[in-house]
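Q: target01.csv is the file, holding CSV, C-alpha atoms and all ligand atoms:
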chain,number,residue,atom,x,y,z
A,1175,MET,CA,23.8,-4.8,29.0
A,1176,LYS,CA,20.5,-3.1,28.1
A,1177,VAL,CA,19.4,-2.9,24.4
A,1178,SER,CA,16.3,-0.9,23.4
A,1179,PHE,CA,14.4,-1.8,20.3
A,1180,HIS,CA,10.9,-2.4,18.9
A,1181,LEU,CA,9.7,-5.9,19.0
A,1182,ASN,CA,6.4,-6.9,17.3
A,1183,GLY,CA,5.1,-3.3,17.7
A,1184,ASN,CA,6.2,-2.8,21.3
A,1185,PHE,CA,9.1,-0.9,22.7
A,1186,VAL,CA,11.3,-3.2,24.7
A,1187,GLU,CA,14.4,-2.7,26.8
A,1188,ALA,CA,16.1,-6.0,26.9
A,1189,ASP,CA,18.6,-7.2,29.4
A,1190,VAL,CA,21.0,-9.2,27.3
A,1191,LEU,CA,24.0,-11.3,28.0
A,1192,PRO,CA,27.4,-10.7,26.2
A,1193,GLY,CA,27.4,-12.6,23.0
A,1194,GLN,CA,23.7,-13.4,23.1
A,1195,THR,CA,22.2,-13.8,19.7
A,1196,LEU,CA,18.8,-12.4,18.6
A,1197,MET,CA,17.6,-16.0,18.2
A,1198,GLU,CA,18.5,-16.9,21.8
A,1199,TYR,CA,16.9,-13.7,23.1
A,1200,LEU,CA,13.6,-14.1,21.2
A,1201,ARG,CA,13.2,-17.8,22.2
A,1202,SER,CA,13.9,-16.8,25.8
A,1203,GLN,CA,10.9,-14.5,25.4
A,1204,TRP,CA,8.7,-17.4,24.4
A,1205,LEU,CA,8.7,-16.4,20.7
A,1206,TYR,CA,9.0,-19.9,19.5
A,1207,SER,CA,8.2,-19.2,15.9
A,1208,VAL,CA,11.9,-18.4,15.8
A,1209,LYS,CA,13.3,-21.9,15.4
A,1210,HIS,CA,16.7,-23.1,16.4
A,1211,GLY,CA,18.0,-24.9,13.3
A,1212,CYS,CA,21.6,-24.9,12.0
A,1213,ASP,CA,22.8,-22.0,14.1
A,1214,HIS,CA,25.0,-21.0,11.2
A,1215,GLY,CA,22.8,-18.9,8.9
A,1216,GLU,CA,22.1,-21.7,6.5
A,1217,CYS,CA,18.6,-23.1,7.1
A,1218,GLY,CA,16.5,-20.0,7.6
A,1219,ALA,CA,14.5,-21.6,10.4
A,1220,CYS,CA,15.3,-18.6,12.6
A,1221,THR,CA,14.2,-16.0,10.1
A,1222,VAL,CA,12.9,-12.7,11.4
A,1223,LEU,CA,12.3,-9.3,9.9
A,1224,ILE,CA,14.7,-6.5,10.9
A,1225,ASP,CA,13.6,-3.1,9.6
A,1226,GLY,CA,11.3,-5.0,7.3
A,1227,LYS,CA,14.0,-7.3,5.7
A,1228,THR,CA,14.5,-11.0,6.4
A,1229,GLN,CA,17.5,-11.8,8.5
A,1230,ASN,CA,18.8,-15.0,10.2
A,1231,ALA,CA,18.4,-14.3,13.9
A,1232,CYS,CA,21.1,-16.8,14.8
A,1233,LEU,CA,23.7,-14.6,13.2
A,1234,ILE,CA,22.5,-11.3,14.7
A,1235,MET,CA,24.2,-10.2,18.0
A,1236,MET,CA,21.7,-8.6,20.3
A,1237,HIS,CA,23.7,-5.3,20.7
A,1238,THR,CA,23.2,-4.7,16.9
A,1239,VAL,CA,19.4,-4.5,17.1
A,1240,LYS,CA,19.6,-1.3,19.2
A,1241,ASN,CA,16.9,1.2,18.0
A,1242,ARG,CA,15.8,-1.2,15.2
A,1243,THR,CA,12.5,-2.9,14.5
A,1244,VAL,CA,12.3,-6.6,14.9
A,1245,GLU,CA,9.3,-8.7,13.8
A,1246,THR,CA,8.6,-12.4,14.3
A,1247,LEU,CA,5.7,-14.4,13.0
A,1248,GLU,CA,3.9,-13.7,16.3
A,1249,GLY,CA,3.8,-10.0,15.3
A,1250,LEU,CA,2.2,-10.8,12.0
A,1251,GLY,CA,-1.0,-12.4,13.1
A,1252,SER,CA,-2.5,-14.6,15.8
A,1253,GLN,CA,-5.1,-17.3,15.8
A,1254,GLU,CA,-7.7,-14.5,16.2
A,1255,THR,CA,-6.2,-12.3,13.5
A,1256,VAL,CA,-4.9,-14.6,10.9
A,1257,GLN,CA,-3.3,-12.7,8.0
A,1258,LYS,CA,-4.0,-13.6,4.3
A,1259,ILE,CA,-0.6,-15.1,3.7
A,1260,GLN,CA,-1.0,-17.4,6.8
A,1261,ARG,CA,-4.5,-18.4,5.6
A,1262,ASP,CA,-3.1,-19.2,2.1
A,1263,PHE,CA,-0.4,-21.5,3.6
A,1264,LEU,CA,-3.1,-23.3,5.6
A,1265,GLU,CA,-5.5,-23.6,2.7
A,1266,GLU,CA,-2.9,-24.8,0.3
A,1267,GLY,CA,-1.6,-27.4,2.8
A,1268,ALA,CA,1.8,-25.8,2.6
A,1269,ILE,CA,2.8,-27.0,6.1
A,1270,GLN,CA,4.1,-30.4,6.9
A,1271,CYS,CA,6.0,-30.5,10.3
A,1272,GLY,CA,5.9,-26.7,10.3
A,1273,TYR,CA,9.5,-26.2,11.4
A,1274,CYS,CA,10.4,-24.0,8.3
A,1275,THR,CA,7.0,-22.4,8.0
A,1276,PRO,CA,7.5,-19.2,10.0
A,1277,GLY,CA,10.6,-18.4,8.1
A,1278,MET,CA,9.0,-19.1,4.8
A,1279,ILE,CA,6.1,-16.9,5.6
A,1280,LEU,CA,8.3,-14.0,6.7
A,1281,SER,CA,10.3,-14.4,3.5
A,1282,ALA,CA,7.1,-14.3,1.6
A,1283,VAL,CA,6.0,-11.1,3.4
A,1284,THR,CA,9.3,-9.4,2.4
A,1285,LEU,CA,8.9,-10.5,-1.2
A,1286,LEU,CA,5.2,-9.5,-1.5
A,1287,ASN,CA,5.9,-6.1,0.1
A,1288,GLU,CA,8.5,-5.4,-2.6
A,1289,ASN,CA,6.7,-7.2,-5.4
A,1290,PRO,CA,3.0,-8.0,-5.0
A,1291,THR,CA,2.8,-10.1,-8.2
A,1292,PRO,CA,6.0,-12.2,-8.2
A,1293,SER,CA,6.6,-14.9,-10.8
A,1294,GLU,CA,7.1,-18.5,-9.8
A,1295,ASP,CA,10.9,-18.1,-10.3
A,1296,GLU,CA,10.9,-14.9,-8.1
A,1297,ILE,CA,9.0,-16.8,-5.4
A,1298,ARG,CA,11.5,-19.7,-5.5
A,1299,ASP,CA,14.3,-17.3,-5.4
A,1300,ALA,CA,12.9,-15.6,-2.3
A,1301,LEU,CA,12.7,-18.9,-0.6
A,1302,THR,CA,16.2,-20.0,-1.3
A,1303,GLY,CA,17.3,-19.2,2.2
A,1304,ASN,CA,14.6,-21.3,3.8
A,1305,LEU,CA,15.3,-25.0,3.8
A,1306,CYS,CA,12.5,-27.5,4.2
A,1307,ARG,CA,13.5,-30.9,5.5
A,1308,CYS,CA,10.1,-32.2,4.6
A,1309,THR,CA,10.9,-31.1,1.0
A,1310,GLY,CA,7.6,-29.3,0.7
A,1311,TYR,CA,8.4,-26.5,-1.7
A,1312,VAL,CA,5.6,-26.9,-4.3
A,1313,LYS,CA,2.7,-26.0,-2.0
A,1314,PRO,CA,4.5,-22.9,-0.4
A,1315,VAL,CA,5.1,-21.6,-3.8
A,1316,LYS,CA,1.4,-22.1,-4.7
A,1317,ALA,CA,0.4,-20.4,-1.4
A,1318,ILE,CA,2.5,-17.4,-2.1
A,1319,SER,CA,1.3,-17.1,-5.7
A,1320,LYS,CA,-2.2,-16.7,-4.4
B,1401,LIG,S1,19.2,-21.5,12.7
B,1401,LIG,FE1,19.6,-19.6,11.9
B,1401,LIG,S2,19.8,-20.0,9.7
B,1401,LIG,FE2,19.6,-22.0,10.7
B,1402,LIG,S1,7.5,-28.4,6.7
B,1402,LIG,FE1,8.9,-29.6,7.8
B,1402,LIG,S2,10.8,-28.6,7.5
B,1402,LIG,FE2,9.4,-27.6,6.2
Starting from the coordinates I provided, produce the structure as structure tokens.
A:
Amino acid sequence: MKVSFHLNGNFVEADVLPGQTLMEYLRSQWLYSVKHGCDHGECGACTVLIDGKTQNACLIMMHTVKNRTVETLEGLGSQETVQKIQRDFLEEGAIQCGYCTPGMILSAVTLLNENPTPSEDEIRDALTGNLCRCTGYVKPVKAISK
């Protein structure tokens, strides 16, 4: 089955398998910022943006992204074009093992697009879908506050 959509600014026509999830497809395209965590929509490790909103890619069937816009952390910035939010995470030391970090940053992007000056409570609220097994929540909140 072919599914056409926009991925990180490029039009793609994906050859997908029946029942394939967006997480499986993105990882098959070497987009490894999309992490395979719980596979049940609970940890946020597979967070992506669909039409600008955070979604758990493990719960999204590929056929449903037809004509939509999907962004992963790779589309946000690279080592050459680091975005401010990525720099803030680095400068605040808001990364331990890094498994949850792409999802946290994309949740932060959605929040800051809607509310450029969020309170600490609003930041914590925005991160509720992103579990960190290293229990590093204080520094990400500080990074997003910047
Ligand atoms: S792997 Fe998708 S929410 Fe955990
Ligand atoms: S930094 Fe390790 S899971 Fe969050």
Q: Taking 4 positions as the minimum chain separation for residues in the same chain, which residues sit within 10 Å of Cys1274 (chain A) when counting all atoms listed in the file? Answer as a list of chain:residue names.
A: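 Within the cut-off, the hits are A:Ser1207, A:Val1208, A:Lys1209, A:Gly1211, A:Cys1217, A:Gly1218, A:Ala1219, A:Cys1220, A:Thr1221, A:Ile1269, A:Gln1270, A:Met1278, A:Ile1279, A:Asn1304, A:Leu1305, A:Cys1306, A:Arg1307, A:Cys1308, A:Gly1310.
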Q: I'd like the neighbourhood of Val1190 (chain A) as a list in words, where a residue qualifies if any of its atoms comes within 9 Å (using all atoms listed in the file), though same-chain residues fewer than 3 positions away should be ignored.
A: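 What passes the distance filter is Met1175, Lys1176, Val1177, Gly1193, Gln1194, Thr1195, Tyr1199, Met1236 and His1237 of chain A.
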Q: Take the residues that were just selected and, keeping C-alpha atoms, output them as an mmCIF file, in the frame of the given file.
A:
data_model
loop_
_atom_site.group_PDB
_atom_site.id
_atom_site.type_symbol
_atom_site.label_atom_id
_atom_site.label_comp_id
_atom_site.auth_asym_id
_atom_site.auth_seq_id
_atom_site.Cartn_x
_atom_site.Cartn_y
_atom_site.Cartn_z
ATOM 1 C CA MET A 1175 23.800 -4.800 29.000
ATOM 2 C CA LYS A 1176 20.500 -3.100 28.100
ATOM 3 C CA VAL A 1177 19.400 -2.900 24.400
ATOM 4 C CA GLY A 1193 27.400 -12.600 23.000
ATOM 5 C CA GLN A 1194 23.700 -13.400 23.100
ATOM 6 C CA THR A 1195 22.200 -13.800 19.700
ATOM 7 C CA TYR A 1199 16.900 -13.700 23.100
ATOM 8 C CA MET A 1236 21.700 -8.600 20.300
ATOM 9 C CA HIS A 1237 23.700 -5.300 20.700
#
Q: Find the residues around Gln1229 (chain A) up to 10 Å (only C-alpha atoms counted), leave out those fewer than 2 positions away in its own chain, and share them as a list in words.
A: Gly1215, Gly1218, Cys1220, Thr1221, Val1222, Leu1223, Ile1224, Asp1225, Gly1226, Lys1227, Ala1231, Cys1232, Leu1233, Ile1234, Val1244, Gly1277, Leu1280, Ser1281 and Gly1303 of chain A
Q: Using only C-alpha atoms, which residue out of A:Glu1266, A:Glu1248, A:Glu1294, A:Glu1254 lies closest to Gly1183 (chain A)?
A: A:Glu1248
Q: To one decimal place, how far is CA of Arg1201 (chain A) from atom FE2 of ligand LIG 1402 (chain B) in Å?
A: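 These two atoms are separated by 19.1 Å.
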Q: Mind checking which residues fall within 9 Å of Ala1282 (chain A), counting all atoms listed in the file, ignoring those fewer than 3 positions away in the same chain, and posting them as a VMD selection string?
A: chain A and resid 1259 1277 to 1279 1285 to 1287 1297 1300 to 1301 1318
Q: Record the distance separating CA of Gly1267 (chain A) and CA of Lys1313 (chain A), expressed in Å with one decimal.
A: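 Distance reported for this atom pair: 6.6 Å.
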Q: Nearest to ligand LIG 1401 (chain B): which of A:Glu1198, A:Asp1295, A:Glu1187, A:Asp1213 is it, counting all atoms listed in the file?
A: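 Under the stated criterion, the closest residue is A:Asp1213.
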Q: Which one of A:Ser1202, A:Gln1260, A:Ser1319, A:Asn1230 sits closest to ligand LIG 1401 (chain B) if you count only C-alpha atoms and all ligand atoms?
A: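 Counting only C-alpha atoms and all ligand atoms, the residue closest to ligand LIG 1401 (chain B) is A:Asn1230.
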Q: Which residue, A:Cys1212, A:Met1235, A:Met1197, A:Val1186, has the smallest gap to ligand LIG 1401 (chain B) when you use only C-alpha atoms and all ligand atoms?
A: A:Cys1212
Q: Which residue out of A:Gln1253, A:Thr1228, A:Thr1291, A:Asn1182 has the minimum interatomic distance to ligand LIG 1401 (chain B) when only C-alpha atoms and all ligand atoms are used?
A: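 Checking each of A:Gln1253, A:Thr1228, A:Thr1291, A:Asn1182 against ligand LIG 1401 (chain B), counting only C-alpha atoms and all ligand atoms, the winner is A:Thr1228.
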Q: Please compute the CA of Val1315 (chain A)-CA of Ala1268 (chain A) distance, one decimal, in Å.
A: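 CA of Ala1268 (chain A) lies 8.3 Å from CA of Val1315 (chain A).
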Q: Give the padded box for ligand LIG 1401 (chain B) as lines of an AutoDock Vina configuration file: axis-aligned, covering all atoms listed in the file, 6 Å on each side, centre and edge lengths in Å to one decimal.
A:
center_x = 19.5
center_y = -20.8
center_z = 11.2
size_x = 12.6
size_y = 14.4
size_z = 15.0
Q: Mind filling out region 1262-1278 of chain A with N, CA and C atoms and sending it as a short mmCIF file (atom, residue, chain, number, x, y, z; two decimals), keeping the file's coordinate frame?
A:
data_model
loop_
_atom_site.label_atom_id
_atom_site.label_comp_id
_atom_site.auth_asym_id
_atom_site.auth_seq_id
_atom_site.Cartn_x
_atom_site.Cartn_y
_atom_site.Cartn_z
N ASP A 1262 -3.42 -18.53 3.42
CA ASP A 1262 -3.10 -19.20 2.10
C ASP A 1262 -2.17 -20.40 2.38
N PHE A 1263 -1.23 -20.30 3.30
CA PHE A 1263 -0.40 -21.50 3.60
C PHE A 1263 -1.26 -22.60 4.17
N LEU A 1264 -2.21 -22.24 5.04
CA LEU A 1264 -3.10 -23.30 5.60
C LEU A 1264 -3.95 -23.90 4.52
N GLU A 1265 -4.58 -23.05 3.72
CA GLU A 1265 -5.50 -23.60 2.70
C GLU A 1265 -4.84 -24.39 1.64
N GLU A 1266 -3.58 -24.06 1.33
CA GLU A 1266 -2.90 -24.80 0.30
C GLU A 1266 -2.19 -26.06 0.91
N GLY A 1267 -2.30 -26.24 2.21
CA GLY A 1267 -1.60 -27.40 2.80
C GLY A 1267 -0.12 -27.26 2.72
N ALA A 1268 0.38 -26.01 2.82
CA ALA A 1268 1.80 -25.80 2.60
C ALA A 1268 2.62 -25.96 3.87
N ILE A 1269 2.12 -26.77 4.78
CA ILE A 1269 2.80 -27.00 6.10
C ILE A 1269 2.85 -28.51 6.29
N GLN A 1270 4.05 -29.02 6.55
CA GLN A 1270 4.10 -30.40 6.90
C GLN A 1270 4.45 -30.45 8.44
N CYS A 1271 5.73 -30.56 8.82
CA CYS A 1271 6.00 -30.50 10.30
C CYS A 1271 5.92 -29.08 10.79
N GLY A 1272 6.09 -28.09 9.89
CA GLY A 1272 5.90 -26.70 10.30
C GLY A 1272 7.20 -26.01 10.76
N TYR A 1273 8.31 -26.75 10.80
CA TYR A 1273 9.50 -26.20 11.40
C TYR A 1273 10.04 -24.98 10.51
N CYS A 1274 9.92 -25.11 9.20
CA CYS A 1274 10.40 -24.00 8.30
C CYS A 1274 9.37 -22.97 8.04
N THR A 1275 8.12 -23.23 8.43
CA THR A 1275 7.00 -22.40 8.00
C THR A 1275 7.07 -20.93 8.42
N PRO A 1276 7.39 -20.62 9.68
CA PRO A 1276 7.50 -19.20 10.00
C PRO A 1276 8.48 -18.44 9.17
N GLY A 1277 9.63 -19.05 8.95
CA GLY A 1277 10.60 -18.40 8.10
C GLY A 1277 10.17 -18.22 6.69
N MET A 1278 9.50 -19.23 6.15
CA MET A 1278 9.00 -19.10 4.80
C MET A 1278 7.98 -18.00 4.68
#
